[in-house]
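Colleague: So I've got this file, target-v4.tsv, and it contains TSV, C-alpha atoms:
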```tsv
chain	number	residue	atom	x	y	z
F	684	MET	CA	111.95	108.77	118.53
F	685	THR	CA	112.02	105.82	116.18
F	686	ARG	CA	110.58	102.43	117.07
F	687	ASP	CA	112.28	99.04	116.99
F	688	VAL	CA	111.51	96.95	113.92
F	689	TYR	CA	111.67	93.17	113.62
F	690	VAL	CA	111.82	90.70	110.76
F	691	VAL	CA	109.33	87.93	111.55
F	692	GLY	CA	109.01	85.99	108.30
F	693	VAL	CA	111.10	85.43	105.19
F	694	GLY	CA	110.78	83.43	102.01
F	695	MET	CA	112.45	83.06	98.64
F	696	THR	CA	112.42	81.00	95.50
F	697	LYS	CA	115.34	79.00	94.27
F	698	PHE	CA	117.36	81.25	92.01
F	699	GLU	CA	117.35	79.93	88.46
F	700	LYS	CA	119.17	80.42	85.19
F	701	PRO	CA	117.00	82.72	83.04
F	702	GLY	CA	114.66	80.72	80.87
F	703	SER	CA	115.32	77.42	82.63
F	704	ARG	CA	111.92	77.37	84.35
F	705	ASP	CA	108.48	78.07	82.91
F	706	TRP	CA	107.43	80.93	85.17
F	707	ASP	CA	106.98	84.69	85.15
F	708	TYR	CA	107.59	87.30	87.83
F	709	PRO	CA	104.05	87.07	89.33
F	710	ASP	CA	104.66	83.34	89.88
F	711	MET	CA	107.98	84.09	91.58
F	712	VAL	CA	106.44	86.66	93.91
F	713	LYS	CA	103.53	84.40	94.76
F	714	GLU	CA	105.96	81.64	95.77
F	715	ALA	CA	108.32	83.84	97.78
F	716	GLY	CA	105.57	85.96	99.33
F	717	THR	CA	103.50	82.94	100.36
F	718	LYS	CA	106.54	81.39	102.02
F	719	ALA	CA	107.19	84.60	104.00
F	720	LEU	CA	103.56	84.87	105.09
F	721	ASP	CA	103.50	81.21	106.11
F	722	ASP	CA	106.75	81.69	108.02
F	723	ALA	CA	105.19	84.57	109.96
F	724	GLY	CA	101.89	82.70	110.31
F	725	ILE	CA	99.79	85.63	109.13
F	726	ASN	CA	97.48	86.37	106.20
F	727	TYR	CA	98.23	88.89	103.47
F	728	SER	CA	95.29	90.95	104.77
F	729	GLU	CA	97.46	91.89	107.76
F	730	ILE	CA	100.01	93.68	105.55
F	731	GLU	CA	99.48	97.45	105.73
F	732	GLN	CA	102.08	98.64	103.22
F	733	ALA	CA	104.39	96.97	100.72
F	734	ALA	CA	107.60	97.95	98.94
F	735	VAL	CA	108.28	96.00	95.77
F	736	GLY	CA	111.68	96.14	94.10
F	737	TYR	CA	112.77	95.19	90.59
F	738	VAL	CA	115.05	96.64	87.93
F	739	TYR	CA	113.59	95.39	84.67
F	740	GLY	CA	109.91	95.75	83.78
F	741	GLY	CA	107.00	98.16	83.61
F	742	SER	CA	106.39	101.00	86.04
F	743	THR	CA	103.70	99.14	88.02
F	744	SER	CA	105.00	95.58	87.74
F	745	GLY	CA	105.07	95.51	91.53
F	746	GLN	CA	101.29	95.73	91.72
F	747	ARG	CA	100.91	93.05	89.06
F	748	ALA	CA	103.23	90.78	91.03
F	749	MET	CA	101.51	91.36	94.37
F	750	TYR	CA	98.04	90.73	92.95
F	751	GLU	CA	98.93	87.03	93.25
F	752	LEU	CA	99.00	87.40	97.04
F	753	GLY	CA	95.83	89.46	97.42
F	754	LEU	CA	93.87	92.52	96.40
F	755	THR	CA	93.51	94.58	99.55
F	756	GLY	CA	94.05	98.14	98.31
F	757	ILE	CA	97.12	98.84	100.44
F	758	PRO	CA	99.75	101.47	99.56
F	759	MET	CA	102.40	99.88	97.37
F	760	VAL	CA	105.63	101.48	96.17
F	761	ASN	CA	107.62	100.26	93.15
F	762	MET	CA	111.39	100.63	93.66
F	763	ASN	CA	114.48	100.51	91.47
F	764	ASN	CA	117.93	101.19	92.90
F	765	ASN	CA	119.95	98.99	90.57
F	766	CYS	CA	121.58	96.06	92.38
F	767	SER	CA	120.67	97.47	95.82
F	768	THR	CA	116.95	97.49	94.97
F	769	GLY	CA	115.98	94.74	97.40
F	770	SER	CA	117.70	96.39	100.36
F	771	THR	CA	116.12	99.69	99.41
F	772	ALA	CA	112.68	98.07	99.64
F	773	LEU	CA	113.69	96.65	103.01
F	774	LEU	CA	114.86	100.08	104.19
F	775	TYR	CA	111.59	101.71	103.14
F	776	SER	CA	109.55	98.98	104.85
F	777	ARG	CA	111.52	99.42	108.08
F	778	GLN	CA	111.18	103.20	107.99
F	779	MET	CA	107.39	102.98	107.69
F	780	ILE	CA	107.26	101.07	110.97
F	781	ALA	CA	110.06	102.96	112.72
F	782	GLY	CA	108.31	106.23	111.94
F	783	GLY	CA	104.97	105.04	113.28
F	784	LEU	CA	103.22	104.94	109.89
F	785	ALA	CA	102.53	101.20	109.91
F	786	GLU	CA	102.67	98.15	112.18
F	787	VAL	CA	103.16	95.40	109.58
F	788	THR	CA	104.91	95.82	106.23
F	789	MET	CA	106.24	93.60	103.48
F	790	ALA	CA	109.37	94.00	101.37
F	791	VAL	CA	109.50	92.05	98.12
F	792	GLY	CA	112.10	91.84	95.38
F	793	PHE	CA	112.05	89.98	92.09
F	794	GLU	CA	113.71	89.82	88.71
F	795	LYS	CA	113.13	88.05	85.42
F	796	MET	CA	116.31	88.59	83.47
F	797	GLN	CA	117.76	88.01	80.03
F	798	ARG	CA	120.77	85.78	79.60
F	799	GLY	CA	124.19	87.32	79.17
F	800	SER	CA	125.86	90.47	80.43
F	801	LEU	CA	123.77	93.39	81.63
F	802	SER	CA	122.97	96.05	79.03
F	803	VAL	CA	123.75	99.74	79.55
F	804	ASP	CA	121.70	100.95	76.55
F	805	THR	CA	119.79	104.10	77.61
F	806	ASP	CA	118.01	104.93	74.33
F	807	GLY	CA	119.93	108.18	73.90
F	808	ARG	CA	119.26	109.50	77.41
F	809	ALA	CA	121.91	110.25	80.02
F	810	GLY	CA	122.98	106.97	81.55
F	811	PRO	CA	123.09	106.38	85.31
F	812	LEU	CA	126.69	105.15	85.01
F	813	ASP	CA	127.96	107.90	82.69
F	814	ASN	CA	130.09	109.53	85.39
F	815	HIS	CA	131.41	106.17	86.61
F	816	ILE	CA	132.44	105.13	83.11
F	817	THR	CA	134.08	108.49	82.41
F	818	GLY	CA	135.98	108.30	85.69
F	819	LEU	CA	137.18	104.81	84.88
F	820	GLN	CA	138.31	105.78	81.38
F	821	GLN	CA	140.36	108.62	82.83
F	822	LEU	CA	142.31	106.09	84.89
F	823	HIS	CA	142.48	103.02	82.67
F	824	GLU	CA	142.32	102.06	79.03
F	825	GLU	CA	138.99	100.63	77.95
F	826	THR	CA	138.85	96.91	77.22
F	827	SER	CA	136.44	94.89	75.10
F	828	SER	CA	134.64	93.25	78.03
F	829	PRO	CA	131.21	94.41	79.28
F	830	ILE	CA	131.36	97.48	81.48
F	831	ALA	CA	130.47	95.81	84.79
F	832	PRO	CA	133.32	93.26	84.91
F	833	GLN	CA	135.59	95.89	83.41
F	834	MET	CA	134.98	98.21	86.37
F	835	TRP	CA	135.71	95.60	89.02
F	836	ALA	CA	138.68	94.22	87.11
F	837	ARG	CA	140.23	97.69	87.14
F	838	ALA	CA	139.47	98.03	90.86
F	839	ALA	CA	141.28	94.72	91.33
F	840	ASP	CA	144.23	96.02	89.28
F	841	ASP	CA	144.49	99.13	91.45
F	842	HIS	CA	144.31	97.07	94.66
F	843	MET	CA	147.05	94.73	93.44
F	844	ARG	CA	149.24	97.64	92.38
F	845	ARG	CA	148.83	99.50	95.67
F	846	TYR	CA	148.77	96.67	98.22
F	847	GLY	CA	150.41	93.64	96.67
F	848	THR	CA	147.33	91.45	96.49
F	849	THR	CA	147.35	88.82	93.77
F	850	PRO	CA	144.87	87.21	91.33
F	851	GLU	CA	144.91	84.18	93.61
F	852	HIS	CA	143.32	86.20	96.43
F	853	PHE	CA	140.30	86.99	94.25
F	854	ALA	CA	140.08	83.39	93.10
F	855	LYS	CA	140.13	82.19	96.72
F	856	ILE	CA	137.03	84.28	97.41
F	857	ALA	CA	135.20	82.61	94.54
F	858	GLU	CA	136.38	79.16	95.63
F	859	LYS	CA	134.99	79.82	99.11
F	860	ASN	CA	131.62	81.04	97.91
F	861	HIS	CA	131.13	78.19	95.44
F	862	ARG	CA	132.03	75.77	98.25
F	863	HIS	CA	129.51	77.39	100.59
F	864	SER	CA	126.73	77.16	97.98
F	865	ALA	CA	126.93	73.37	97.91
F	866	ASN	CA	124.79	73.38	101.08
F	867	ASN	CA	122.23	75.92	99.86
F	868	PRO	CA	119.21	74.42	98.07
F	869	TYR	CA	118.17	77.93	96.95
F	870	ALA	CA	121.43	78.55	95.06
F	871	GLN	CA	121.51	78.69	91.27
F	872	PHE	CA	124.80	76.78	91.32
F	873	GLN	CA	125.85	74.20	93.89
F	874	ASP	CA	129.05	73.05	92.23
F	875	VAL	CA	132.36	73.02	94.12
F	876	TYR	CA	135.54	74.02	92.28
F	877	THR	CA	139.22	73.85	93.12
F	878	LEU	CA	141.27	77.01	93.19
F	879	ASP	CA	142.96	75.97	89.95
F	880	GLU	CA	139.59	75.43	88.27
F	881	ILE	CA	138.50	78.93	89.34
F	882	MET	CA	141.66	80.53	87.98
F	883	GLU	CA	141.64	78.50	84.76
F	884	SER	CA	137.98	79.11	83.88
F	885	PRO	CA	137.40	81.35	80.83
F	886	LEU	CA	138.89	84.82	81.23
F	887	ILE	CA	136.37	87.66	81.29
F	888	ASP	CA	138.65	90.63	82.04
F	889	ALA	CA	141.92	89.85	83.84
F	890	PRO	CA	142.16	89.01	86.66
F	891	LEU	CA	138.46	88.06	86.56
F	892	THR	CA	137.51	84.63	85.26
F	893	ARG	CA	133.97	83.43	84.66
F	894	LEU	CA	133.73	81.61	88.00
F	895	GLN	CA	134.48	84.90	89.80
F	896	CYS	CA	131.47	86.69	88.29
F	897	SER	CA	127.84	86.57	89.43
F	898	PRO	CA	125.40	85.18	86.84
F	899	THR	CA	122.14	86.62	85.60
F	900	SER	CA	119.29	84.94	87.44
F	901	ASP	CA	115.52	84.71	87.84
F	902	GLY	CA	113.98	84.68	91.31
F	903	ALA	CA	112.18	86.47	94.11
F	904	ALA	CA	112.42	86.98	97.87
F	905	ALA	CA	110.15	88.49	100.53
F	906	ALA	CA	110.33	89.63	104.15
F	907	ILE	CA	107.63	90.51	106.70
F	908	LEU	CA	108.45	93.31	109.16
F	909	MET	CA	106.62	94.23	112.37
F	910	SER	CA	106.68	96.71	115.19
F	911	GLU	CA	107.21	95.46	118.74
F	912	ASP	CA	103.47	95.79	119.42
F	913	ALA	CA	102.63	93.72	116.35
F	914	VAL	CA	105.16	91.05	117.29
F	915	GLU	CA	103.45	90.71	120.65
F	916	LYS	CA	99.97	90.79	119.09
F	917	PHE	CA	100.78	87.86	116.78
F	918	GLY	CA	102.85	85.98	119.36
F	919	LEU	CA	106.01	85.97	117.26
F	920	GLU	CA	108.54	86.77	120.00
F	921	GLY	CA	110.18	83.38	119.49
F	922	GLN	CA	111.28	84.11	115.92
F	923	ALA	CA	111.55	87.90	115.75
F	924	VAL	CA	114.94	89.25	114.62
F	925	ARG	CA	115.61	92.90	115.38
F	926	ILE	CA	116.96	95.25	112.73
F	927	ALA	CA	119.52	96.84	115.02
F	928	GLY	CA	120.97	99.27	112.50
F	929	GLN	CA	120.43	100.21	108.89
F	930	ALA	CA	121.72	102.97	106.64
F	931	MET	CA	122.02	103.91	102.99
F	932	ALA	CA	124.71	106.03	101.36
F	933	THR	CA	124.95	107.30	97.80
F	934	ASP	CA	127.88	108.53	95.71
F	935	PHE	CA	130.39	111.06	97.01
F	936	ALA	CA	132.64	113.38	95.03
F	937	SER	CA	135.38	110.81	95.65
F	938	SER	CA	133.42	108.34	93.53
F	939	PHE	CA	134.56	110.26	90.45
F	940	ASP	CA	137.38	112.61	91.53
F	941	THR	CA	139.78	109.78	92.28
F	942	ASP	CA	142.94	107.99	91.23
F	943	ASP	CA	141.66	104.64	92.50
F	944	ALA	CA	138.94	102.56	90.82
F	945	ARG	CA	137.90	101.14	94.21
F	946	THR	CA	135.99	104.37	94.91
F	947	ILE	CA	134.37	104.30	91.45
F	948	VAL	CA	132.84	100.92	92.33
F	949	GLY	CA	131.46	102.25	95.61
F	950	ALA	CA	133.95	101.60	98.40
F	951	ASP	CA	133.32	105.04	99.93
F	952	MET	CA	129.55	104.52	99.82
F	953	SER	CA	129.87	101.18	101.57
F	954	GLU	CA	132.14	102.62	104.25
F	955	ALA	CA	129.78	105.52	104.96
F	956	ALA	CA	126.70	103.29	105.11
F	957	ALA	CA	128.50	100.90	107.44
F	958	LYS	CA	129.59	103.63	109.85
F	959	ALA	CA	126.05	105.03	110.06
F	960	ALA	CA	124.54	101.58	110.60
F	961	TYR	CA	127.13	100.80	113.30
F	962	GLU	CA	126.31	104.01	115.12
F	963	MET	CA	122.61	103.16	115.06
F	964	ALA	CA	123.16	99.59	116.23
F	965	GLY	CA	125.78	100.23	118.87
F	966	PHE	CA	127.98	97.44	117.48
F	967	ASP	CA	130.01	96.83	114.34
F	968	ALA	CA	131.48	94.11	112.14
F	969	SER	CA	133.77	92.90	114.93
F	970	ASP	CA	130.67	91.90	116.92
F	971	VAL	CA	128.89	89.80	114.28
F	972	GLN	CA	129.41	86.16	113.38
F	973	VAL	CA	127.86	85.91	109.92
F	974	ILE	CA	127.86	88.28	106.95
F	975	GLU	CA	126.11	88.35	103.59
F	976	LEU	CA	127.84	90.89	101.34
F	977	HIS	CA	127.63	91.95	97.72
F	978	ASP	CA	130.12	89.81	95.80
F	979	CYS	CA	128.89	90.67	92.31
F	980	PHE	CA	132.53	90.06	91.32
F	981	SER	CA	135.17	88.58	93.58
F	982	PRO	CA	137.14	91.87	93.96
F	983	ASN	CA	134.08	93.54	95.45
F	984	GLU	CA	134.08	91.09	98.34
F	985	MET	CA	137.70	91.96	99.08
F	986	LEU	CA	137.02	95.70	98.85
F	987	THR	CA	133.98	95.31	101.09
F	988	TYR	CA	136.00	93.62	103.86
F	989	GLU	CA	137.92	96.87	104.07
F	990	ALA	CA	134.93	99.18	103.68
F	991	LEU	CA	133.10	97.40	106.51
F	992	GLY	CA	136.09	97.79	108.82
F	993	MET	CA	136.82	94.06	109.00
F	994	CYS	CA	140.46	94.97	108.36
F	995	ASP	CA	142.54	97.98	107.38
F	996	VAL	CA	142.54	99.13	103.77
F	997	GLY	CA	145.04	96.96	101.92
F	998	ALA	CA	145.03	94.17	104.51
F	999	SER	CA	142.18	92.06	103.12
F	1000	GLY	CA	144.56	89.61	101.46
F	1001	ALA	CA	145.65	88.45	104.91
F	1002	LEU	CA	142.04	87.77	105.92
F	1003	ILE	CA	141.69	85.53	102.89
F	1004	ASP	CA	145.00	83.72	103.39
F	1005	ASN	CA	144.15	83.10	107.07
F	1006	ASN	CA	140.70	81.66	106.21
F	1007	ASP	CA	139.13	84.31	108.44
F	1008	THR	CA	135.96	84.53	106.30
F	1009	THR	CA	134.81	80.92	106.20
F	1010	TYR	CA	133.71	78.25	108.67
F	1011	GLY	CA	136.19	78.00	111.52
F	1012	GLY	CA	137.41	81.55	110.94
F	1013	ARG	CA	136.61	84.94	112.45
F	1014	TRP	CA	133.46	85.34	110.36
F	1015	VAL	CA	131.49	83.26	107.90
F	1016	VAL	CA	131.00	85.47	104.86
F	1017	ASN	CA	128.37	84.52	102.29
F	1018	PRO	CA	127.32	81.14	103.71
F	1019	SER	CA	124.60	81.19	101.03
F	1020	GLY	CA	127.22	81.08	98.28
F	1021	GLY	CA	126.89	84.81	97.69
F	1022	LEU	CA	125.92	86.38	94.40
F	1023	ILE	CA	128.72	84.51	92.63
F	1024	SER	CA	127.14	81.12	93.23
F	1025	LYS	CA	123.66	81.68	94.68
F	1026	GLY	CA	122.81	83.98	91.76
F	1027	HIS	CA	121.93	87.64	91.33
F	1028	PRO	CA	118.35	88.47	90.27
F	1029	LEU	CA	118.91	92.18	90.86
F	1030	GLY	CA	115.70	93.16	92.63
F	1031	ALA	CA	115.65	90.04	94.80
F	1032	THR	CA	119.27	89.98	95.95
F	1033	GLY	CA	119.01	92.28	98.98
F	1034	ILE	CA	115.97	90.53	100.40
F	1035	ALA	CA	117.49	87.11	99.75
F	1036	GLN	CA	120.46	88.24	101.85
F	1037	CYS	CA	117.99	89.23	104.58
F	1038	ALA	CA	116.35	85.80	104.37
F	1039	GLU	CA	119.66	83.96	104.69
F	1040	LEU	CA	120.73	85.98	107.73
F	1041	ASN	CA	117.38	85.57	109.45
F	1042	TRP	CA	117.56	81.80	108.94
F	1043	GLN	CA	121.08	81.86	110.35
F	1044	LEU	CA	120.04	83.81	113.45
F	1045	ARG	CA	117.04	81.51	113.99
F	1046	GLY	CA	119.19	78.38	113.61
F	1047	LEU	CA	117.36	77.22	110.47
F	1048	SER	CA	120.22	76.99	107.97
F	1049	ASP	CA	120.82	73.23	108.16
F	1050	GLN	CA	124.26	72.19	106.87
F	1051	ARG	CA	125.39	75.78	106.29
F	1052	GLN	CA	124.44	76.92	109.81
F	1053	VAL	CA	126.96	79.21	111.52
F	1054	ALA	CA	127.32	77.96	115.08
F	1055	GLY	CA	126.33	80.40	117.82
F	1056	ALA	CA	125.20	83.17	115.46
F	1057	THR	CA	123.43	85.97	117.36
F	1058	ARG	CA	124.35	89.00	115.24
F	1059	ALA	CA	124.60	89.41	111.49
F	1060	LEU	CA	125.57	92.01	108.89
F	1061	GLN	CA	124.16	92.56	105.40
F	1062	HIS	CA	125.79	94.64	102.65
F	1063	ASN	CA	124.10	95.35	99.30
F	1064	ILE	CA	125.37	97.83	96.71
F	1065	GLY	CA	124.26	99.11	93.33
F	1066	LEU	CA	126.24	101.44	91.12
F	1067	GLY	CA	124.67	104.64	90.05
F	1068	GLY	CA	124.65	104.54	93.14
F	1069	ALA	CA	123.51	103.29	96.55
F	1070	ALA	CA	124.92	101.08	99.30
F	1071	VAL	CA	122.78	99.71	102.12
F	1072	VAL	CA	124.19	98.12	105.27
F	1073	THR	CA	121.88	96.37	107.73
F	1074	LEU	CA	122.68	94.85	111.13
F	1075	TYR	CA	120.50	92.17	112.71
F	1076	GLU	CA	120.38	90.91	116.27
F	1077	ARG	CA	118.72	87.89	117.80
F	1078	THR	CA	118.69	87.32	121.57
F	1079	THR	CA	116.50	85.24	123.83
F	1080	ALA	CA	114.75	88.48	124.74
F	1081	SER	CA	114.55	90.22	121.37
F	1082	VAL	CA	111.12	91.56	122.27
```
What would the structure in this file look like if it were written as structure tokens?
Modeller:
Amino acid sequence: MTRDVYVVGVGMTKFEKPGSRDWDYPDMVKEAGTKALDDAGINYSEIEQAAVGYVYGGSTSGQRAMYELGLTGIPMVNMNNNCSTGSTALLYSRQMIAGGLAEVTMAVGFEKMQRGSLSVDTDGRAGPLDNHITGLQQLHEETSSPIAPQMWARAADDHMRRYGTTPEHFAKIAEKNHRHSANNPYAQFQDVYTLDEIMESPLIDAPLTRLQCSPTSDGAAAAILMSEDAVEKFGLEGQAVRIAGQAMATDFASSFDTDDARTIVGADMSEAAAKAAYEMAGFDASDVQVIELHDCFSPNEMLTYEALGMCDVGASGALIDNNDTTYGGRWVVNPSGGLISKGHPLGATGIAQCAELNWQLRGLSDQRQVAGATRALQHNIGLGGAAVVTLYERTTASV
């Protein structure tokens, strides 16, 4: 029987444009990790195991980063699961406690990135996205844009062709997320744009414009997890948020044997992870008030509405037109500004989502606070491929 696991402390840096700040990844982790420890009110010596996620860097960069917090000899695992790296570190940290192997763990994610589009150069080895790219090329002609926006642009094309959605729907998602980020001091961008400005920004790969794409970013985030016994030991019942459900899914045959690019970019993975997390939690997307999901490109937010069961497949355009995913609507999705505006330092993204949702459930989100939030949902995906869905719950008697 697994044990309940609680998030008791979170911290993150402001996400920055690469090269805009004189710091390196150990500095980022020191800042984010210290904030999480201070939030929990414990010393680093209390951490029994750590999972450290990043995509770019040496094989033991996690240890080098964590040295800034302390040298205590604990087990430490370096993790890379592409854009879902942070949530993978969170999953591992939860499993250590749920399985009775630790009482207090720490999940950390960081990234120091280069400017510009992500590279897919594999030095002559098989690439992790080889099958995805081949599948896409069998459905659509290749364009000159980088492969990542190309994939989501083609998923957008297929959604428009099948369900009648329009470029404006995708632009509305970006307008919402940029508007939300204006109240997030951790966001890389806090500028608000009109819908016309979103649609008229430089074209990357139609229908995607620049303001519908997440930027490369530098930054770090950290979370402290505890068992119920540890929460009581440290007197943290007042701020503990329970991880009610959590699941990961990887690629299915449908990811490649398909006539729809939405499955190539992971819609089936997201749906499977969501269903497993819902079963574990005993509630689903209809029961949450606030959601942080992986909007690496605006079409992925639309596809994820459907994968999470927020609406039927093909009906996400109506959610957008009805303002169901912003303040005053059915849910508030990406109150942080999402990846599009908050930024996307790959290894840190999943744990930054965790931080935002824990602040929301603890009522600490200031001007972006979602009123009455007691349950939250997190979705983080990386191609090549893994999707992680996590459900959080905060009640007056969490412990």
Colleague: Point out the residue among F:Tyr689, F:Glu751, F:Ala785, F:Asn763 with the least atom-to-atom distance to Asp710 (chain F), counting only C-alpha atoms.
Modeller: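 Closest residue, counting only C-alpha atoms: F:Glu751.
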Colleague: Pick out the residues sitting within 12 Å of Ile757 (chain F), and hand them over as a PyMOL selection string; count all atoms listed in the file, and ignore anything fewer than 3 positions along from it in its own chain.
Modeller: chain F and resi 727-734+746+749-750+753-754+760+785+787-789
Colleague: Mind writing the picked residues with C-alpha atoms as a PDB file, keeping the file's coordinate frame?
Modeller:
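Writing the result to out-v1.pdb gives the following:
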```
ATOM      1  CA  TYR F 727      98.230  88.890 103.470  1.00  0.00           C
ATOM      2  CA  SER F 728      95.290  90.950 104.770  1.00  0.00           C
ATOM      3  CA  GLU F 729      97.460  91.890 107.760  1.00  0.00           C
ATOM      4  CA  ILE F 730     100.010  93.680 105.550  1.00  0.00           C
ATOM      5  CA  GLU F 731      99.480  97.450 105.730  1.00  0.00           C
ATOM      6  CA  GLN F 732     102.080  98.640 103.220  1.00  0.00           C
ATOM      7  CA  ALA F 733     104.390  96.970 100.720  1.00  0.00           C
ATOM      8  CA  ALA F 734     107.600  97.950  98.940  1.00  0.00           C
ATOM      9  CA  GLN F 746     101.290  95.730  91.720  1.00  0.00           C
ATOM     10  CA  MET F 749     101.510  91.360  94.370  1.00  0.00           C
ATOM     11  CA  TYR F 750      98.040  90.730  92.950  1.00  0.00           C
ATOM     12  CA  GLY F 753      95.830  89.460  97.420  1.00  0.00           C
ATOM     13  CA  LEU F 754      93.870  92.520  96.400  1.00  0.00           C
ATOM     14  CA  VAL F 760     105.630 101.480  96.170  1.00  0.00           C
ATOM     15  CA  ALA F 785     102.530 101.200 109.910  1.00  0.00           C
ATOM     16  CA  VAL F 787     103.160  95.400 109.580  1.00  0.00           C
ATOM     17  CA  THR F 788     104.910  95.820 106.230  1.00  0.00           C
ATOM     18  CA  MET F 789     106.240  93.600 103.480  1.00  0.00           C
TER      19      MET F 789
END
```
Colleague: Compare F:Leu908, F:Val791, F:Leu774, F:Leu894 by their minimum atom-to-atom distance to Ala923 (chain F), counting only C-alpha atoms, and give me the closest one.
Modeller: F:Leu908
Colleague: Figure out the distance between CA of Thr1008 (chain F) and CA of Asp978 (chain F), please, to one decimal in Å.
Modeller: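 So the two atoms, CA of Asp978 (chain F) and CA of Thr1008 (chain F), lie 13.1 Å apart.
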Colleague: If you count only C-alpha atoms, which residues fall within 10 Å of Gly740 (chain F), apart from same-chain ones fewer than 2 positions away, as a list in words?
Modeller: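 Neighbouring residues, sequence-local ones excluded: Tyr708, Tyr737, Val738, Ser742, Thr743, Ser744, Gly745, Glu794, Lys795 and Met796 of chain F.
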Colleague: Give me, please, the distance in Å between CA of Arg945 (chain F) and CA of Ala838 (chain F), quoted to one decimal.
Modeller: 4.8 Å
Colleague: Which residue gives the smallest distance to Glu825 (chain F) among F:Asp888, F:His861, F:Gly807, F:Pro701, with only C-alpha atoms counted?
Modeller: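 Once distances to Glu825 (chain F) are computed over only C-alpha atoms, the minimum belongs to F:Asp888.
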Colleague: Determine, counting only C-alpha atoms, which protein, DNA and RNA residues have an atom within 8 Å of an atom of Tyr961 (chain F); residues of the same chain fewer than 5 positions away are not included. Present the result as a list in words.
Modeller: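 Listing them by chain and then by number gives Gly928, Phe966, Asp967 and Leu1074 of chain F.
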Colleague: Which residues come within 10 Å of region 713-723 of chain F, counting all atoms listed in the file, excluding same-chain residues fewer than 5 positions away, as a VMD selection string?
Modeller: chain F and resid 690 to 697 708 729 to 730 748 to 753 789 to 793 902 to 908 914 917 to 919 922 to 923 1035 1038
Colleague: Just checking: using all atoms listed in the file, which residue out of F:His842, F:Arg747, F:Arg704, F:His977 ends up closest to Gly997 (chain F)?
Modeller: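 Counting all atoms listed in the file, the residue closest to Gly997 (chain F) is F:His842.
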Colleague: So the first atom is CA of Gln929 (chain F) and the second is CA of Glu962 (chain F); what is the distance between them in Å, to one decimal place?
Modeller: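 These atoms are spaced 9.4 Å apart.
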Colleague: Hey, could you pull the box centre and edge lengths for region 887-905 of chain F, axis-aligned, 8 Å padding per side, all listed atoms, to one decimal in Å, as JSON?
Modeller:
```
{"center_x": 126.2, "center_y": 86.1, "center_z": 90.9, "size_x": 48.0, "size_y": 25.0, "size_z": 35.2}
```
Colleague: Using all atoms listed in the file, which of the listed residues (F:Val1016, F:Ala944, F:Ala865, F:Ala960) sits closest to Ile926 (chain F)?
Modeller: F:Ala960
Colleague: Residues within 8 Å of Leu991 (chain F), please, as number ranges by chain. Count only C-alpha atoms; anything in the same chain fewer than 5 positions from it doesn't count.
Modeller: F: 953-954, 957-958, 968
Colleague: Can you check which parts of region 735-790 of chain F lie within 9 Å of region 1070-1073 of chain F? Per residue, the shortest pair of atoms and distance in Å to one decimal, counting only C-alpha atoms, sorted by chain and number, as a tab-separated table.
Modeller:
```
residue	atom	partner	partner_atom	distance
F:Ser767	CA	F:Ala1070	CA	6.6
F:Ser770	CA	F:Val1071	CA	6.3
F:Thr771	CA	F:Val1071	CA	7.2
F:Leu774	CA	F:Val1071	CA	8.2
```
